[in-house]
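Peer 1: To be precise about what I am sending: the file is called data_4.txt and holds compact mmCIF, C-alpha atoms and all ligand atoms.
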# COMPACT_ATOMS: atom_id res chain seq x y z
CA MET Y 21 0.00 0.00 0.00
CA ALA Y 22 1.49 3.36 -1.00
CA ALA Y 23 1.86 5.86 1.84
CA ASP Y 24 -0.91 8.45 1.70
CA ALA Y 25 0.53 11.92 2.10
CA ASN Y 26 -2.69 13.05 3.80
CA VAL Y 27 -2.52 10.43 6.54
CA PRO Y 28 -0.74 11.76 9.64
CA PRO Y 29 2.29 9.65 10.67
CA GLY Y 30 0.70 8.45 13.92
CA VAL Y 31 -2.35 7.14 12.06
CA ALA Y 32 -0.20 5.44 9.43
CA ARG Y 33 1.94 3.80 12.15
CA ALA Y 34 -1.09 2.52 14.07
CA ARG Y 35 -2.79 1.21 10.93
CA ALA Y 36 0.33 -0.59 9.75
CA ALA Y 37 0.85 -2.17 13.19
CA LEU Y 38 -2.72 -3.47 13.36
CA LYS Y 39 -3.03 -4.49 9.72
CA ASP Y 40 -2.47 -8.23 10.29
CA VAL Y 41 -4.07 -8.56 13.71
CA PRO Y 42 -6.97 -11.04 13.56
CA HIS Y 43 -10.39 -9.60 14.32
CA GLN Y 44 -10.94 -11.86 17.31
CA PRO Y 45 -11.47 -11.37 21.03
CA GLY Y 46 -8.14 -11.49 22.85
CA ALA Y 47 -6.12 -10.99 19.66
CA LYS Y 48 -2.35 -10.62 20.11
CA LYS Y 49 -0.88 -7.26 19.09
CA PRO Y 50 2.58 -6.70 17.63
CA ASP Y 51 3.60 -4.24 20.38
CA ALA Y 52 1.21 -4.37 23.31
CA ILE Y 53 1.70 -1.72 26.01
CA LEU Y 54 -0.96 -3.31 28.24
CA VAL Y 55 -1.66 -7.03 28.56
CA ALA Y 56 -4.33 -8.39 30.91
CA ASP Y 57 -5.13 -12.00 31.77
CA LYS Y 58 -8.15 -13.60 33.41
CA VAL Y 59 -9.37 -10.44 35.13
CA VAL Y 60 -12.53 -11.14 37.12
CA ARG Y 61 -14.55 -8.74 39.29
CA ARG Y 62 -17.68 -9.92 41.02
CA PHE Y 63 -20.22 -7.85 42.93
CA GLY Y 64 -22.10 -10.41 45.03
CA GLY Y 65 -23.59 -12.85 42.54
CA LEU Y 66 -22.93 -10.58 39.55
CA THR Y 67 -19.78 -11.05 37.49
CA ALA Y 68 -19.25 -7.52 36.22
CA VAL Y 69 -15.90 -8.22 34.52
CA ASN Y 70 -14.60 -11.51 33.16
CA VAL Y 71 -11.88 -10.64 30.66
CA GLY Y 72 -9.90 -13.69 29.50
CA HIS Y 73 -7.13 -11.93 27.60
CA ILE Y 74 -6.75 -8.43 26.26
CA GLU Y 75 -3.88 -6.58 24.60
CA ILE Y 76 -3.71 -2.87 23.84
CA GLN Y 77 -1.46 -1.79 20.97
CA ARG Y 78 1.11 0.89 21.78
CA GLY Y 79 0.69 4.20 19.94
CA ALA Y 80 -2.84 3.42 18.76
CA ILE Y 81 -6.26 4.76 19.77
CA THR Y 82 -8.41 1.88 21.02
CA ALA Y 83 -12.10 2.27 21.84
CA LEU Y 84 -13.78 0.12 24.45
CA ILE Y 85 -17.47 -0.08 23.67
CA GLY Y 86 -20.47 -2.14 24.74
CA PRO Y 87 -23.99 -1.70 26.00
CA ASN Y 88 -24.83 -0.22 29.41
CA GLY Y 89 -23.63 -2.44 32.23
CA ALA Y 90 -21.16 -4.36 30.05
CA GLY Y 91 -18.38 -3.77 32.59
CA LYS Y 92 -16.34 -1.11 30.78
CA THR Y 93 -16.01 1.35 33.65
CA THR Y 94 -15.38 -1.43 36.16
CA PHE Y 95 -12.59 -2.74 33.92
CA PHE Y 96 -11.09 0.79 33.72
CA ASN Y 97 -11.26 1.06 37.51
CA LEU Y 98 -9.46 -2.26 37.92
CA LEU Y 99 -6.68 -1.44 35.46
CA THR Y 100 -5.98 1.92 37.09
CA GLY Y 101 -6.01 0.63 40.67
CA PHE Y 102 -9.29 2.31 41.72
CA ASP Y 103 -10.88 -1.11 42.32
CA LYS Y 104 -9.50 -4.56 43.08
CA PRO Y 105 -10.26 -7.70 41.06
CA ASN Y 106 -11.20 -11.08 42.54
CA GLU Y 107 -8.71 -12.64 40.14
CA GLY Y 108 -6.37 -11.60 37.39
CA ASP Y 109 -3.05 -10.04 36.41
CA TRP Y 110 -1.97 -7.37 34.02
CA THR Y 111 1.24 -5.75 32.93
CA PHE Y 112 1.94 -2.26 31.68
CA ASN Y 113 5.15 -1.63 29.74
CA GLY Y 114 6.15 -5.11 30.84
CA SER Y 115 5.81 -4.58 34.58
CA PRO Y 116 3.01 -6.09 36.69
CA LEU Y 117 0.39 -3.55 37.78
CA GLY Y 118 -2.11 -5.69 39.71
CA GLY Y 119 -2.59 -4.34 43.25
CA VAL Y 120 -0.71 -1.09 42.52
CA ALA Y 121 -2.32 2.07 43.99
CA PRO Y 122 -3.74 4.66 41.54
CA HIS Y 123 -1.07 7.34 42.14
CA LYS Y 124 1.65 4.76 41.51
CA VAL Y 125 -0.12 3.60 38.36
CA ALA Y 126 -0.02 7.22 37.18
CA ARG Y 127 3.65 7.44 38.08
CA LYS Y 128 4.31 4.41 35.90
CA GLY Y 129 2.82 6.30 32.97
CA MET Y 130 -0.85 5.26 32.83
CA VAL Y 131 -3.38 7.98 33.68
CA ARG Y 132 -7.13 8.20 33.41
CA THR Y 133 -9.91 10.71 33.35
CA PHE Y 134 -13.32 10.11 34.92
CA GLN Y 135 -16.83 9.76 33.55
CA LEU Y 136 -18.02 12.38 36.02
CA THR Y 137 -15.36 15.04 35.92
CA LYS Y 138 -13.52 15.41 39.17
CA ALA Y 139 -11.89 18.75 38.41
CA LEU Y 140 -11.93 20.37 41.80
CA SER Y 141 -14.45 23.08 41.23
CA ARG Y 142 -13.32 25.44 44.01
CA LEU Y 143 -9.75 25.47 42.81
CA SER Y 144 -8.53 27.62 39.96
CA VAL Y 145 -7.76 26.05 36.62
CA ILE Y 146 -4.00 26.49 37.12
CA ASP Y 147 -4.15 24.91 40.59
CA ASN Y 148 -6.03 21.93 39.16
CA MET Y 149 -3.21 21.56 36.68
CA ARG Y 150 -0.51 21.79 39.35
CA LEU Y 151 -2.33 19.16 41.36
CA GLY Y 152 -2.24 16.92 38.30
CA ALA Y 153 1.54 16.81 38.66
CA THR Y 154 1.33 14.96 41.98
CA GLY Y 155 3.13 11.69 41.66
CA GLN Y 156 5.08 12.89 38.68
CA LYS Y 157 7.56 10.45 37.15
CA GLY Y 158 10.90 10.77 38.90
CA GLU Y 159 9.49 12.90 41.73
CA SER Y 160 11.24 11.99 44.93
CA PHE Y 161 10.47 12.44 48.58
CA TRP Y 162 13.98 13.71 49.29
CA GLN Y 163 13.66 16.36 46.62
CA GLY Y 164 10.71 17.73 48.55
CA LEU Y 165 12.94 18.29 51.59
CA VAL Y 166 15.42 20.51 49.76
CA PRO Y 167 13.79 23.92 49.17
CA ALA Y 168 15.93 24.87 46.15
CA LEU Y 169 15.09 21.65 44.34
CA TRP Y 170 11.49 21.97 45.38
CA LYS Y 171 11.32 25.52 44.03
CA ALA Y 172 12.89 24.53 40.74
CA GLN Y 173 10.40 21.75 40.39
CA GLU Y 174 7.50 24.08 41.22
CA GLN Y 175 8.58 26.40 38.43
CA GLU Y 176 8.92 23.53 36.03
CA ILE Y 177 5.45 22.28 36.92
CA THR Y 178 3.89 25.72 36.46
CA ALA Y 179 5.65 26.17 33.12
CA ARG Y 180 4.40 22.81 31.92
CA ALA Y 181 0.88 23.60 33.17
CA ASP Y 182 0.88 26.91 31.27
CA GLU Y 183 2.12 25.21 28.13
CA LEU Y 184 -0.68 22.65 28.31
CA LEU Y 185 -3.32 25.29 29.08
CA ALA Y 186 -2.23 27.16 25.95
CA ARG Y 187 -2.32 23.97 23.88
CA PHE Y 188 -5.87 23.22 25.10
CA LYS Y 189 -6.90 26.88 24.66
CA LEU Y 190 -7.69 27.20 28.35
CA ASP Y 191 -5.04 29.84 29.07
CA ALA Y 192 -7.64 32.61 29.23
CA LYS Y 193 -9.33 30.64 32.03
CA ARG Y 194 -6.11 30.20 34.04
CA GLU Y 195 -7.31 31.97 37.18
CA ASP Y 196 -11.01 31.00 36.94
CA PHE Y 197 -12.56 28.44 39.25
CA ALA Y 198 -12.71 25.06 37.52
CA GLY Y 199 -16.38 24.99 38.59
CA SER Y 200 -17.15 27.91 36.27
CA LEU Y 201 -16.06 26.01 33.14
CA SER Y 202 -18.54 24.47 30.70
CA GLY Y 203 -18.84 20.67 30.48
CA GLY Y 204 -16.63 20.59 27.40
CA GLN Y 205 -14.01 22.88 28.92
CA ARG Y 206 -13.88 20.62 31.97
CA LYS Y 207 -13.23 17.65 29.70
CA LEU Y 208 -10.38 19.61 28.14
CA LEU Y 209 -9.06 20.43 31.60
CA GLU Y 210 -9.26 16.76 32.60
CA MET Y 211 -7.26 15.81 29.55
CA ALA Y 212 -4.72 18.60 30.04
CA ARG Y 213 -4.35 17.65 33.69
CA ALA Y 214 -3.79 13.99 32.82
CA LEU Y 215 -0.89 15.07 30.60
CA MET Y 216 0.90 16.75 33.54
CA VAL Y 217 2.45 13.38 34.44
CA GLN Y 218 3.77 12.92 30.90
CA PRO Y 219 2.05 9.56 30.52
CA ASP Y 220 2.65 6.81 27.99
CA MET Y 221 -1.01 5.87 28.00
CA VAL Y 222 -4.14 7.94 28.59
CA MET Y 223 -7.44 6.34 29.50
CA LEU Y 224 -10.50 8.46 28.84
CA ASP Y 225 -13.90 7.55 30.29
CA GLU Y 226 -16.63 8.93 28.02
CA PRO Y 227 -14.72 12.00 26.82
CA MET Y 228 -17.69 13.19 24.75
CA ALA Y 229 -20.40 12.94 27.41
CA GLY Y 230 -21.84 16.37 28.13
CA VAL Y 231 -19.73 18.15 25.53
CA ASN Y 232 -21.57 20.63 23.35
CA PRO Y 233 -21.08 20.39 19.57
CA ALA Y 234 -18.95 23.53 19.47
CA LEU Y 235 -16.19 21.79 21.41
CA THR Y 236 -16.54 18.32 19.88
CA GLN Y 237 -14.10 18.85 17.03
CA SER Y 238 -11.54 20.44 19.29
CA LEU Y 239 -11.74 17.51 21.73
CA LEU Y 240 -11.43 14.98 18.91
CA GLY Y 241 -8.44 16.89 17.58
CA HIS Y 242 -6.76 16.78 20.98
CA VAL Y 243 -7.27 13.03 21.33
CA LYS Y 244 -5.82 12.51 17.85
CA SER Y 245 -2.85 14.71 18.72
CA LEU Y 246 -2.02 12.40 21.64
CA ARG Y 247 -1.49 9.62 19.11
CA GLU Y 248 0.71 11.88 16.99
CA ASP Y 249 2.79 12.52 20.12
CA GLY Y 250 3.34 8.77 20.41
CA MET Y 251 0.93 8.18 23.28
CA THR Y 252 -1.45 5.25 23.55
CA VAL Y 253 -5.13 6.07 24.10
CA LEU Y 254 -7.81 3.75 25.45
CA PHE Y 255 -11.26 5.27 25.75
CA VAL Y 256 -14.78 4.22 26.73
CA GLU Y 257 -17.45 5.90 24.65
CA HIS Y 258 -21.08 5.53 23.62
CA ASP Y 259 -20.85 8.06 20.81
CA MET Y 260 -20.30 5.80 17.79
CA ASP Y 261 -19.47 8.72 15.51
CA MET Y 262 -16.51 9.48 17.70
CA VAL Y 263 -15.54 5.80 17.87
CA ARG Y 264 -15.61 5.56 14.09
CA ASP Y 265 -13.81 8.85 13.59
CA ILE Y 266 -10.79 8.38 15.82
CA SER Y 267 -10.30 4.68 16.65
CA ASP Y 268 -7.67 2.48 15.08
CA TRP Y 269 -9.09 -0.51 16.90
CA VAL Y 270 -12.31 -1.31 18.77
CA ILE Y 271 -12.81 -3.80 21.60
CA VAL Y 272 -16.39 -4.72 22.48
CA MET Y 273 -17.49 -5.89 25.90
CA GLY Y 274 -20.77 -7.66 26.63
CA GLN Y 275 -21.76 -8.93 30.07
CA GLY Y 276 -18.24 -8.52 31.38
CA GLU Y 277 -16.49 -10.39 28.56
CA VAL Y 278 -14.67 -9.29 25.43
CA ILE Y 279 -17.02 -10.41 22.66
CA ALA Y 280 -15.46 -8.82 19.59
CA GLU Y 281 -12.40 -6.90 18.39
CA GLY Y 282 -11.44 -5.29 15.14
CA THR Y 283 -11.42 -2.12 13.12
CA PRO Y 284 -14.48 0.13 13.61
CA ASP Y 285 -16.12 -1.00 10.36
CA THR Y 286 -15.86 -4.73 10.97
CA VAL Y 287 -16.87 -4.50 14.61
CA MET Y 288 -19.96 -2.41 13.94
CA ALA Y 289 -21.15 -4.88 11.33
CA ASP Y 290 -20.48 -7.90 13.57
CA PRO Y 291 -23.68 -9.82 14.44
CA ARG Y 292 -22.25 -10.63 17.92
CA VAL Y 293 -22.01 -6.92 18.62
CA ILE Y 294 -25.52 -6.23 17.37
CA ASP Y 295 -26.78 -9.16 19.50
CA ALA Y 296 -25.04 -7.76 22.58
CA TYR Y 297 -26.78 -4.41 22.15
CA LEU Y 298 -30.07 -6.28 21.55
CA GLY Y 299 -29.57 -8.45 24.63
CA ALA Y 300 -28.93 -5.39 26.74
CA HIS Y 301 -32.59 -4.36 26.37
CA HIS Y 302 -34.29 -5.99 29.30
CA ASP Y 303 -37.64 -4.30 28.96
CA GLY Y 304 -39.27 -7.39 27.46
CA THR Y 305 -40.37 -5.69 24.25
CA ALA Y 306 -39.68 -7.18 20.84
CA HIS Y 307 -36.88 -5.48 18.90
CA ASP Y 308 -36.41 -4.97 15.24
CA PRO Y 309 -32.82 -6.02 14.38
CA ASP Y 310 -32.59 -3.20 11.83
CA GLU Y 311 -33.40 -0.68 14.53
CA VAL Y 312 -30.71 -2.13 16.78
CA ALA Y 313 -28.16 -2.10 13.96
CA ALA Y 314 -29.02 1.56 13.45
CA GLU Y 315 -28.50 2.13 17.17
CA VAL Y 316 -25.04 0.51 17.12
CA GLU Y 317 -24.28 2.47 13.96
CA GLY Y 318 -25.61 5.83 14.96
CA GLY Y 319 -24.58 5.81 18.61
CA LYS Y 320 -27.05 5.91 21.43
CA SER Y 321 -28.14 8.62 23.69
CA HIS Y 322 -26.61 8.07 27.09
CA GLU Y 323 -27.70 11.00 29.14
N1 LIG Y 401 -19.83 -0.93 43.09
C1 LIG Y 401 -20.70 -1.77 42.51
N2 LIG Y 401 -21.51 -2.55 43.25
C2 LIG Y 401 -22.36 -3.41 42.66
N3 LIG Y 401 -22.50 -3.57 41.34
C3 LIG Y 401 -21.74 -2.80 40.55
C4 LIG Y 401 -20.79 -1.87 41.07
N4 LIG Y 401 -20.16 -1.25 40.05
C5 LIG Y 401 -20.69 -1.77 38.93
N5 LIG Y 401 -21.62 -2.70 39.21
C6 LIG Y 401 -22.38 -3.50 38.24
O1 LIG Y 401 -21.44 -4.10 37.36
C7 LIG Y 401 -21.95 -4.11 36.04
C8 LIG Y 401 -20.99 -3.40 35.12
O2 LIG Y 401 -21.06 -2.01 35.36
P1 LIG Y 401 -20.15 -0.93 34.63
O3 LIG Y 401 -20.51 0.40 35.19
O4 LIG Y 401 -18.74 -1.36 34.69
O5 LIG Y 401 -20.67 -1.06 33.13
P2 LIG Y 401 -20.40 -0.07 31.91
O6 LIG Y 401 -20.15 -0.94 30.75
O7 LIG Y 401 -19.35 0.90 32.25
O8 LIG Y 401 -21.79 0.63 31.77
P3 LIG Y 401 -22.18 2.12 31.27
O9 LIG Y 401 -21.91 2.14 29.82
O10 LIG Y 401 -23.61 2.22 31.59
O11 LIG Y 401 -21.32 3.09 32.05
C9 LIG Y 401 -23.33 -3.47 36.08
O12 LIG Y 401 -24.29 -4.50 36.17
C10 LIG Y 401 -23.28 -2.65 37.36
O13 LIG Y 401 -24.56 -2.52 37.90
Can you dump the structure from the file as structure tokens?
Ligand SMILES: Nc1ncnc2c1ncn2[C@@H]1O[C@H](COP(=O)(O)OP(=O)(O)OP(=O)(O)O)[C@@H](O)[C@H]1O
Peer 2:
Amino acid sequence: MAADANVPPGVARARAALKDVPHQPGAKKPDAILVADKVVRRFGGLTAVNVGHIEIQRGAITALIGPNGAGKTTFFNLLTGFDKPNEGDWTFNGSPLGGVAPHKVARKGMVRTFQLTKALSRLSVIDNMRLGATGQKGESFWQGLVPALWKAQEQEITARADELLARFKLDAKREDFAGSLSGGQRKLLEMARALMVQPDMVMLDEPMAGVNPALTQSLLGHVKSLREDGMTVLFVEHDMDMVRDISDWVIVMGQGEVIAEGTPDTVMADPRVIDAYLGAHHDGTAHDPDEVAAEVEGGKSHE
């Protein structure tokens, strides 16, 4: 295939890497940054997550989709140390991450944003950013005890925060309370704040939820730019337009398990995926398969 001059290098790299990966649950990737095995999380009698094997390709944008209650957020929580599994192991950049606390997970280069934004609303935008640097790679306790080193690091952190605020066009809001930002601006702040730790992988939980159309393109552009910067992105999203637009690879969960994997086009046409969305309707009414296919295709409202 001839290189297309219009395809950004990050996209071309991700496509080439995934070209020969079979469209099957648990498929091996040529350069996996995250590998998880037999991860199980039960809540009483309910098995919310039961992932046999999953690999996330480095430098690519992977979407994690599935109907409501499929276990996506629980799986995110497990991977990032915010919840503990009943069973299972996973490695990130080759080192085991099971049982590691969230701030240490971030320090190892894997950060996440939340479905409900946690930007501290009574702090200014710049202070939210500075707080995002907590647990920065290479930060040491001893450094904190030496004022000169501490001061130098403070300045470095502020400079980095200002750089990111400019990149995310939030510099004009620097001194505003985070609580005064719009939903979309908060999502941008979440993303900017996640980048304070200079991560290798960013995990975004529903980045488009609550974002008004005016900011949609800008958010999509920022996610794509993470890939161009060599980062890996894993995101949970119900907005299928976004999934189709930015994903190199899609992993589908249904009832806690990985039920399909592949490029956006193949996955959205997969009968197992359509069945999973059908099966997620527990209201007892009959469903027209065409309507469900349209729902998987067109994205569903999730407010
Ligand atoms: N803390 C908890 N206690 C009990 N059950 C829980 C808990 N957290 C999640 N669950 C259940 O686990 C299942 C998976 O939930 P989860 O939120 O991970 O799904 P999801 O795919 O992220 O759904 P959505 O798309 O609606 O956010 C659901 O049945 C949910 O009710």
Peer 1: Got a sec: who's within 6 Å of range 69-75 of chain Y, counting all atoms listed in the file, leaving out chain neighbours fewer than 4 positions off, as number ranges by chain?
Peer 2: Y: 46, 52, 54-61, 91, 276-277
Peer 1: Any idea what's packed within 8 Å of Ser141 in chain Y, counting all atoms listed in the file, ignoring anything in its chain fewer than 6 positions away? Could you give it as an MDAnalysis selection string?
Peer 2: chainID Y and resid 197:200
Peer 1: So which residues are near ligand LIG 401 (chain Y), meaning at most 12 Å away with only C-alpha atoms and all ligand atoms counted, given back as an mmCIF file with C-alpha atoms, keeping the file's coordinate frame?
Peer 2:
data_model
loop_
_atom_site.group_PDB
_atom_site.id
_atom_site.type_symbol
_atom_site.label_atom_id
_atom_site.label_comp_id
_atom_site.auth_asym_id
_atom_site.auth_seq_id
_atom_site.Cartn_x
_atom_site.Cartn_y
_atom_site.Cartn_z
ATOM 1 C CA VAL Y 60 -12.530 -11.140 37.120
ATOM 2 C CA ARG Y 61 -14.550 -8.740 39.290
ATOM 3 C CA ARG Y 62 -17.680 -9.920 41.020
ATOM 4 C CA PHE Y 63 -20.220 -7.850 42.930
ATOM 5 C CA GLY Y 64 -22.100 -10.410 45.030
ATOM 6 C CA GLY Y 65 -23.590 -12.850 42.540
ATOM 7 C CA LEU Y 66 -22.930 -10.580 39.550
ATOM 8 C CA THR Y 67 -19.780 -11.050 37.490
ATOM 9 C CA ALA Y 68 -19.250 -7.520 36.220
ATOM 10 C CA VAL Y 69 -15.900 -8.220 34.520
ATOM 11 C CA ASN Y 70 -14.600 -11.510 33.160
ATOM 12 C CA LEU Y 84 -13.780 0.120 24.450
ATOM 13 C CA ILE Y 85 -17.470 -0.080 23.670
ATOM 14 C CA GLY Y 86 -20.470 -2.140 24.740
ATOM 15 C CA PRO Y 87 -23.990 -1.700 26.000
ATOM 16 C CA ASN Y 88 -24.830 -0.220 29.410
ATOM 17 C CA GLY Y 89 -23.630 -2.440 32.230
ATOM 18 C CA ALA Y 90 -21.160 -4.360 30.050
ATOM 19 C CA GLY Y 91 -18.380 -3.770 32.590
ATOM 20 C CA LYS Y 92 -16.340 -1.110 30.780
ATOM 21 C CA THR Y 93 -16.010 1.350 33.650
ATOM 22 C CA THR Y 94 -15.380 -1.430 36.160
ATOM 23 C CA PHE Y 95 -12.590 -2.740 33.920
ATOM 24 C CA PHE Y 96 -11.090 0.790 33.720
ATOM 25 C CA ASN Y 97 -11.260 1.060 37.510
ATOM 26 C CA LEU Y 98 -9.460 -2.260 37.920
ATOM 27 C CA PHE Y 102 -9.290 2.310 41.720
ATOM 28 C CA ASP Y 103 -10.880 -1.110 42.320
ATOM 29 C CA LYS Y 104 -9.500 -4.560 43.080
ATOM 30 C CA PRO Y 105 -10.260 -7.700 41.060
ATOM 31 C CA PHE Y 134 -13.320 10.110 34.920
ATOM 32 C CA GLN Y 135 -16.830 9.760 33.550
ATOM 33 C CA LEU Y 136 -18.020 12.380 36.020
ATOM 34 C CA ASP Y 225 -13.900 7.550 30.290
ATOM 35 C CA GLU Y 226 -16.630 8.930 28.020
ATOM 36 C CA ALA Y 229 -20.400 12.940 27.410
ATOM 37 C CA PHE Y 255 -11.260 5.270 25.750
ATOM 38 C CA VAL Y 256 -14.780 4.220 26.730
ATOM 39 C CA GLU Y 257 -17.450 5.900 24.650
ATOM 40 C CA HIS Y 258 -21.080 5.530 23.620
ATOM 41 C CA ASP Y 259 -20.850 8.060 20.810
ATOM 42 C CA VAL Y 272 -16.390 -4.720 22.480
ATOM 43 C CA MET Y 273 -17.490 -5.890 25.900
ATOM 44 C CA GLY Y 274 -20.770 -7.660 26.630
ATOM 45 C CA GLN Y 275 -21.760 -8.930 30.070
ATOM 46 C CA GLY Y 276 -18.240 -8.520 31.380
ATOM 47 C CA GLU Y 277 -16.490 -10.390 28.560
ATOM 48 C CA VAL Y 278 -14.670 -9.290 25.430
ATOM 49 C CA ALA Y 296 -25.040 -7.760 22.580
ATOM 50 C CA TYR Y 297 -26.780 -4.410 22.150
ATOM 51 C CA ALA Y 300 -28.930 -5.390 26.740
ATOM 52 C CA LYS Y 320 -27.050 5.910 21.430
ATOM 53 C CA SER Y 321 -28.140 8.620 23.690
ATOM 54 C CA HIS Y 322 -26.610 8.070 27.090
ATOM 55 C CA GLU Y 323 -27.700 11.000 29.140
#
Peer 1: Please determine, counting all atoms listed in the file, which residue among Y:Leu254, Y:Ala153, Y:Leu246, Y:Ala179 has the shortest atom-to-atom distance to Leu224 in chain Y.
Peer 2: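 Ranking Y:Leu254, Y:Ala153, Y:Leu246, Y:Ala179 by distance to Leu224 in chain Y, first place goes to Y:Leu254.
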Peer 1: Just the residues within 10 Å of Pro219 in chain Y, please, counting all atoms listed in the file, with nothing from its chain fewer than 6 positions along; format it as a short mmCIF file (atom, residue, chain, number, x, y, z; two decimals) with C-alpha atoms, in the coordinates of the input.
Peer 2:
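Wrote it out as selection34.cif, contents follow:
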data_model
loop_
_atom_site.label_atom_id
_atom_site.label_comp_id
_atom_site.auth_asym_id
_atom_site.auth_seq_id
_atom_site.Cartn_x
_atom_site.Cartn_y
_atom_site.Cartn_z
CA ALA Y 126 -0.02 7.22 37.18
CA ARG Y 127 3.65 7.44 38.08
CA LYS Y 128 4.31 4.41 35.90
CA GLY Y 129 2.82 6.30 32.97
CA MET Y 130 -0.85 5.26 32.83
CA VAL Y 131 -3.38 7.98 33.68
CA ARG Y 132 -7.13 8.20 33.41
CA GLN Y 156 5.08 12.89 38.68
CA LYS Y 157 7.56 10.45 37.15
CA MET Y 251 0.93 8.18 23.28
CA THR Y 252 -1.45 5.25 23.55
#
Peer 1: Quick check, in Å to one decimal: how far apart do CA of Ser245 in chain Y and CA of Ala186 in chain Y lie?
Peer 2: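 Atom-to-atom, CA of Ser245 in chain Y and CA of Ala186 in chain Y are spaced 14.4 Å apart.
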Peer 1: Using all atoms listed in the file, which residue out of Y:Leu235, Y:Leu151, Y:Leu38, Y:Met228 lies closest to Met216 in chain Y?
Peer 2: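 That would be Y:Leu151, the residue with the smallest distance to Met216 in chain Y.
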Peer 1: With distances taken over all atoms listed in the file, which of Y:Met223, Y:Met260, Y:Ala80, Y:Ile146 is nearest to Thr100 in chain Y?
Peer 2: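 Residue with the minimum atom-to-atom distance to Thr100 in chain Y: Y:Met223.
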Peer 1: Determine the nearest neighbour of Lys193 in chain Y from the options Y:Asp109, Y:Val145, Y:Met288, Y:Ala214, counting all atoms listed in the file.
Peer 2: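 Ranking Y:Asp109, Y:Val145, Y:Met288, Y:Ala214 by distance to Lys193 in chain Y, first place goes to Y:Val145.
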Peer 1: Taking (-11.4, -13.8, 18.6) in the file's own coordinates, collect the residues within 9 Å, counting all atoms listed in the file, and hand them back as a PyMOL selection string.
Peer 2: chain Y and resi 42-47+278-281
Peer 1: Rank Y:Val222, Y:Val31, Y:Ile266, Y:Ala172 by their smallest atom-to-atom distance to Gly241 in chain Y, using only C-alpha atoms, and report the top residue only.
Peer 2: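 Counting only C-alpha atoms, the residue closest to Gly241 in chain Y is Y:Ile266.
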Peer 1: Taking (-10.6, 17.9, 29.7) as a centre in this file's frame and 9 Å as the limit, can you find every polymer residue with an atom that close, using all atoms listed in the file, and give them as a VMD selection string?
Peer 2: chain Y and resid 133 137 139 188 203 to 214 227 239
